[in-house]
Amino acid sequence: MNTTVDARGFSCPQPVLMTLDEITKVDTGEIVVLVDTDTSKENVSRAATSKGWQVKDVQEEGEGYRITISKD
Amino acid sequence: MSQLKNFFATRWGIIAVGAFIGAFAPLLQEWGNPGNMGICVACFERDIAGAIGIHRAAVVQYMRPEIIGFVLGSLIAAYLFKEFRPRTGSAPIVRFVLGAFAMIGALVFLGCPWRALLRFAGGDGNAIFGLLGLIFGIWIGTRFFKSGYNLGRADKTYTSVGWLLPLIMLGFFILMLIFPPIQGEAKNGILFYSAKGPGSMHAPLIVSLLVGLAIGFLAQRSRFCTMGSFRDLILFRQTHLFSGLLAFAVVAFLANLMLGQFHPGFVNQPVAHTMSLWNFGGMVLAGLAFALAGGCPGRQLFMAGEGDGDAAIFVLGMIVGAGFSHNFGLASSSKGVGPYGVVAVIIGLLVCLFIGFTMRKK
């Protein structure tokens, strides 16, 4: 099952903190993170990668991005 | 363009931008800016506050084109790369207060984080206490983040909201063209200019503006942030932004060596005092305020350029804070802290703690 982190509207470092919180909670699987700035997109992707997660997909959605990260 | 876009988000991208700023700051000093103050966002915003008469400290009044360039350069980059996102509404009044106290703290030390590094890279040992204070202040900020502190979501808004601070900066620049500085004169038309002191020392207008525009452009692309460098290191053990800060400091040091601007020591350093405790204390306040507001003063200018109305409010808070600093005798000088500087730092810390403790969600 997908969990979604809605970090839209938040600025640094909130989106990363929210993503890392979720990563610690679920350990493996797939997480969708919604952000609304390019900075947040880069920061979330970088943080996820550093925790051994993969950035599977980044799609433009509305005014921001839908980032899908996963870990087996 | 997409390849370029990726480059600045990489480690080498941020290192290149840090090195660029680290090279041009000492050069701006060589070209006329004050000692160890090739670029200082806090000092330069303070000089702008002086230029428009918010304070009347005669030695620190000049419409710094670097600051204008930072905002407009970032605006240009944000538009070119389709990253201009007008947004606001994340506790604006809190950002204003944080901006004001960040400035008050920075002016007790005599410098923003950029200048703390530039002072260190120029041999000013007092900067060590400022840097330690900065790191400690940011560390306190990360404790608040860990316990759920945040200022809430910003909302998308009208494009014109994002344009207001860039337009104010453009207006300042036009004023400067209408009323340019006249050698030895304290005023031209409505603008104040220092006839002596740090405010009278500046690189040629066009040079300052072009370097400012270039830095604004590059920093928008790379998200260069001195506060974020330490914050991410403490909070996430991430070295991405920090590598940019390191490049900035190392290149500034080498440039100072080459330009003959490296003078190691503690006494008689340019625009600095030797009261270590308050060099530390002032920057604890500034560091904490920057952390709670999500960016160093430079970064706030770059975010304001890409449409962030809350960052713009922080900038205005800093400019007004500079007025308080000099009108109330809070700002330091080379003789030491101002008569009410210590009290102001303590009040500022209490206000920041109040904000940090009461604005938590969990």
# chains A, B, ... in the order shown; residues from 1 in each chain; ligands from 1
call {"tool": "interface_residues", "arguments": {"of": "chain B", "to": "chain A", "cutoff": "9 Å", "atoms": "only C-alpha atoms", "output": "list in words"}}
result
Ala9, Glu83, Arg85, Arg87, Thr88, Ser90, Phe145, Lys146, Asn150, Leu151, Gly152, Arg153, Ala154, Asp155, Lys156, Ser222, Arg223, Gly228, Arg231, Asp232, Leu235, Phe236, Gln238, His240, Gly294 and Gly295 of chain B
call {"tool": "residues_around", "arguments": {"residues": "Met37 in chain B", "least_positions_apart": "4", "cutoff": "9 Å", "atoms": "only C-alpha atoms", "output": "PyMOL selection string"}}
result
chain B and resi 25-26+28-29+33+43+111+114-115+118-119+270-271
call {"tool": "residues_around", "arguments": {"residues": "Gly141 in chain B", "least_positions_apart": "4", "cutoff": "10 Å", "atoms": "only C-alpha atoms", "output": "list in words"}}
result
Ile135, Phe136, Gly137, Phe145, Lys146, Tyr149, Arg231, Leu235, Gly287, Leu288, Ala289, Phe290, Ala291, Leu292, Ala293, Gly294, Cys352, Leu353 and Gly356 of chain B
call {"tool": "residues_around", "arguments": {"residues": "Ala106 in chain B", "least_positions_apart": "2", "cutoff": "12 Å", "atoms": "only C-alpha atoms", "output": "MDAnalysis selection string"}}
result
chainID B and resid 40:46 98:104 108:116 127 130:131 133:134 137 272 278:290 296:297 318 321:322 325 330:332 337 341 344:345 348
call {"tool": "select_by_dssp", "arguments": {"residues": "chain A", "states": "alpha helix (DSSP H)", "output": "PyMOL selection string"}}
result
chain A and resi 14-26+38-50
call {"tool": "select_by_dssp", "arguments": {"residues": "range 144-245 of chain B", "states": "strand (DSSP E or B)", "output": "list in words"}}
result
Tyr149, Asp155, Lys156, Lys187, Asn188, Leu191 and Phe192 of chain B
call {"tool": "write_last_selection", "arguments": {"atoms": "N, CA and C atoms", "output": "compact mmCIF listing (two decimals), in the first residue's frame"}}
result
# COMPACT_ATOMS: atom_id res chain seq x y z
N TYR B 149 8.53 21.91 15.57
CA TYR B 149 8.37 23.32 15.22
C TYR B 149 8.21 23.51 13.72
N ASP B 155 0.73 29.41 0.94
CA ASP B 155 -0.21 29.16 -0.15
C ASP B 155 0.25 29.84 -1.42
N LYS B 156 -0.16 29.25 -2.53
CA LYS B 156 0.08 29.87 -3.82
C LYS B 156 -0.70 31.19 -3.86
N LYS B 187 24.44 63.60 1.37
CA LYS B 187 23.09 63.40 0.87
C LYS B 187 23.00 63.85 -0.58
N ASN B 188 22.19 63.14 -1.37
CA ASN B 188 21.83 63.67 -2.68
C ASN B 188 20.34 63.44 -2.85
N LEU B 191 18.30 60.51 -0.86
CA LEU B 191 19.13 59.39 -0.40
C LEU B 191 20.32 59.87 0.44
N PHE B 192 20.57 59.13 1.53
CA PHE B 192 21.72 59.42 2.38
C PHE B 192 22.94 58.63 1.90
call {"tool": "residues_around", "arguments": {"residues": "Phe70 in chain B", "least_positions_apart": "3", "cutoff": "7 Å", "atoms": "only C-alpha atoms", "output": "PyMOL selection string"}}
result
chain B and resi 66-67+73-74+212-213+215-216+301-302
call {"tool": "write_last_selection", "arguments": {"atoms": "N, CA and C atoms", "output": "CSV table (one decimal), in the first residue's frame"}}
result
chain,number,residue,atom,x,y,z
B,66,GLU,N,24.7,45.3,-4.6
B,66,GLU,CA,24.8,43.9,-4.5
B,66,GLU,C,23.5,43.3,-4.0
B,67,ILE,N,22.9,43.9,-3.0
B,67,ILE,CA,21.6,43.3,-2.5
B,67,ILE,C,20.5,43.4,-3.6
B,73,GLY,N,18.8,39.0,-9.7
B,73,GLY,CA,19.4,37.9,-10.3
B,73,GLY,C,18.7,36.6,-10.1
B,74,SER,N,18.2,36.4,-8.9
B,74,SER,CA,17.4,35.3,-8.5
B,74,SER,C,16.1,35.2,-9.3
B,212,GLY,N,26.5,41.2,-8.1
B,212,GLY,CA,25.2,40.8,-7.3
B,212,GLY,C,24.3,40.0,-8.2
B,213,LEU,N,24.1,40.5,-9.4
B,213,LEU,CA,23.2,39.7,-10.3
B,213,LEU,C,23.7,38.3,-10.6
B,215,ILE,N,25.7,36.5,-8.7
B,215,ILE,CA,25.6,35.7,-7.5
B,215,ILE,C,24.1,35.3,-7.3
B,216,GLY,N,23.2,36.3,-7.5
B,216,GLY,CA,21.8,36.0,-7.3
B,216,GLY,C,21.3,34.9,-8.2
B,301,LEU,N,17.0,36.4,0.5
B,301,LEU,CA,16.9,37.3,-0.7
B,301,LEU,C,16.7,36.5,-1.9
B,302,PHE,N,17.3,35.4,-2.1
B,302,PHE,CA,17.2,34.5,-3.3
B,302,PHE,C,15.8,33.9,-3.3
call {"tool": "atom_distance", "arguments": {"atom1": "CA of Gly32 in chain B", "atom2": "CA of Pro204 in chain B"}}
result
7.4 Å
call {"tool": "residues_around", "arguments": {"residues": "range 23-27 of chain A", "least_positions_apart": "6", "cutoff": "9 Å", "atoms": "only C-alpha atoms", "output": "list in words"}}
result
Thr3, Ala48, Lys51, Trp53 and Lys71 of chain A
call {"tool": "write_last_selection", "arguments": {"atoms": "C-alpha atoms", "output": "PDB file, in the first residue's frame"}}
result
ATOM      1  CA  THR A   3       1.617   6.098   1.892  1.00  0.00           C
ATOM      2  CA  ALA A  48      15.752   9.535   0.268  1.00  0.00           C
ATOM      3  CA  LYS A  51      18.818   6.582   3.270  1.00  0.00           C
ATOM      4  CA  TRP A  53      15.781   4.527  -0.974  1.00  0.00           C
ATOM      5  CA  LYS A  71      12.854   0.457  -1.040  1.00  0.00           C
TER       6      LYS A  71
END
call {"tool": "atom_distance", "arguments": {"atom1": "CA of Glu30 in chain A", "atom2": "CA of Lys361 in chain B"}}
result
25.3 Å
call {"tool": "atom_distance", "arguments": {"atom1": "CA of Phe84 in chain B", "atom2": "CA of Gly317 in chain B"}}
result
22.4 Å
call {"tool": "closest_residue", "arguments": {"among": "B:Leu175, B:Leu167, B:Ala255, B:Ala58", "to": "Ile21 in chain B", "atoms": "only C-alpha atoms"}}
result
B:Ala255
call {"tool": "closest_residue", "arguments": {"among": "A:Val44, A:Ile69, A:Val33, A:Met18", "to": "Lys56 in chain A", "atoms": "only C-alpha atoms"}}
result
A:Ile69
call {"tool": "closest_residue", "arguments": {"among": "A:Leu34, A:Thr28, A:Val5, A:Glu60", "to": "Asp72 in chain A", "atoms": "only C-alpha atoms"}}
result
A:Thr28
call {"tool": "closest_residue", "arguments": {"among": "A:Asn2, A:Ser40, A:Gly62, A:Gly29", "to": "Pro15 in chain A", "atoms": "only C-alpha atoms"}}
result
A:Ser40
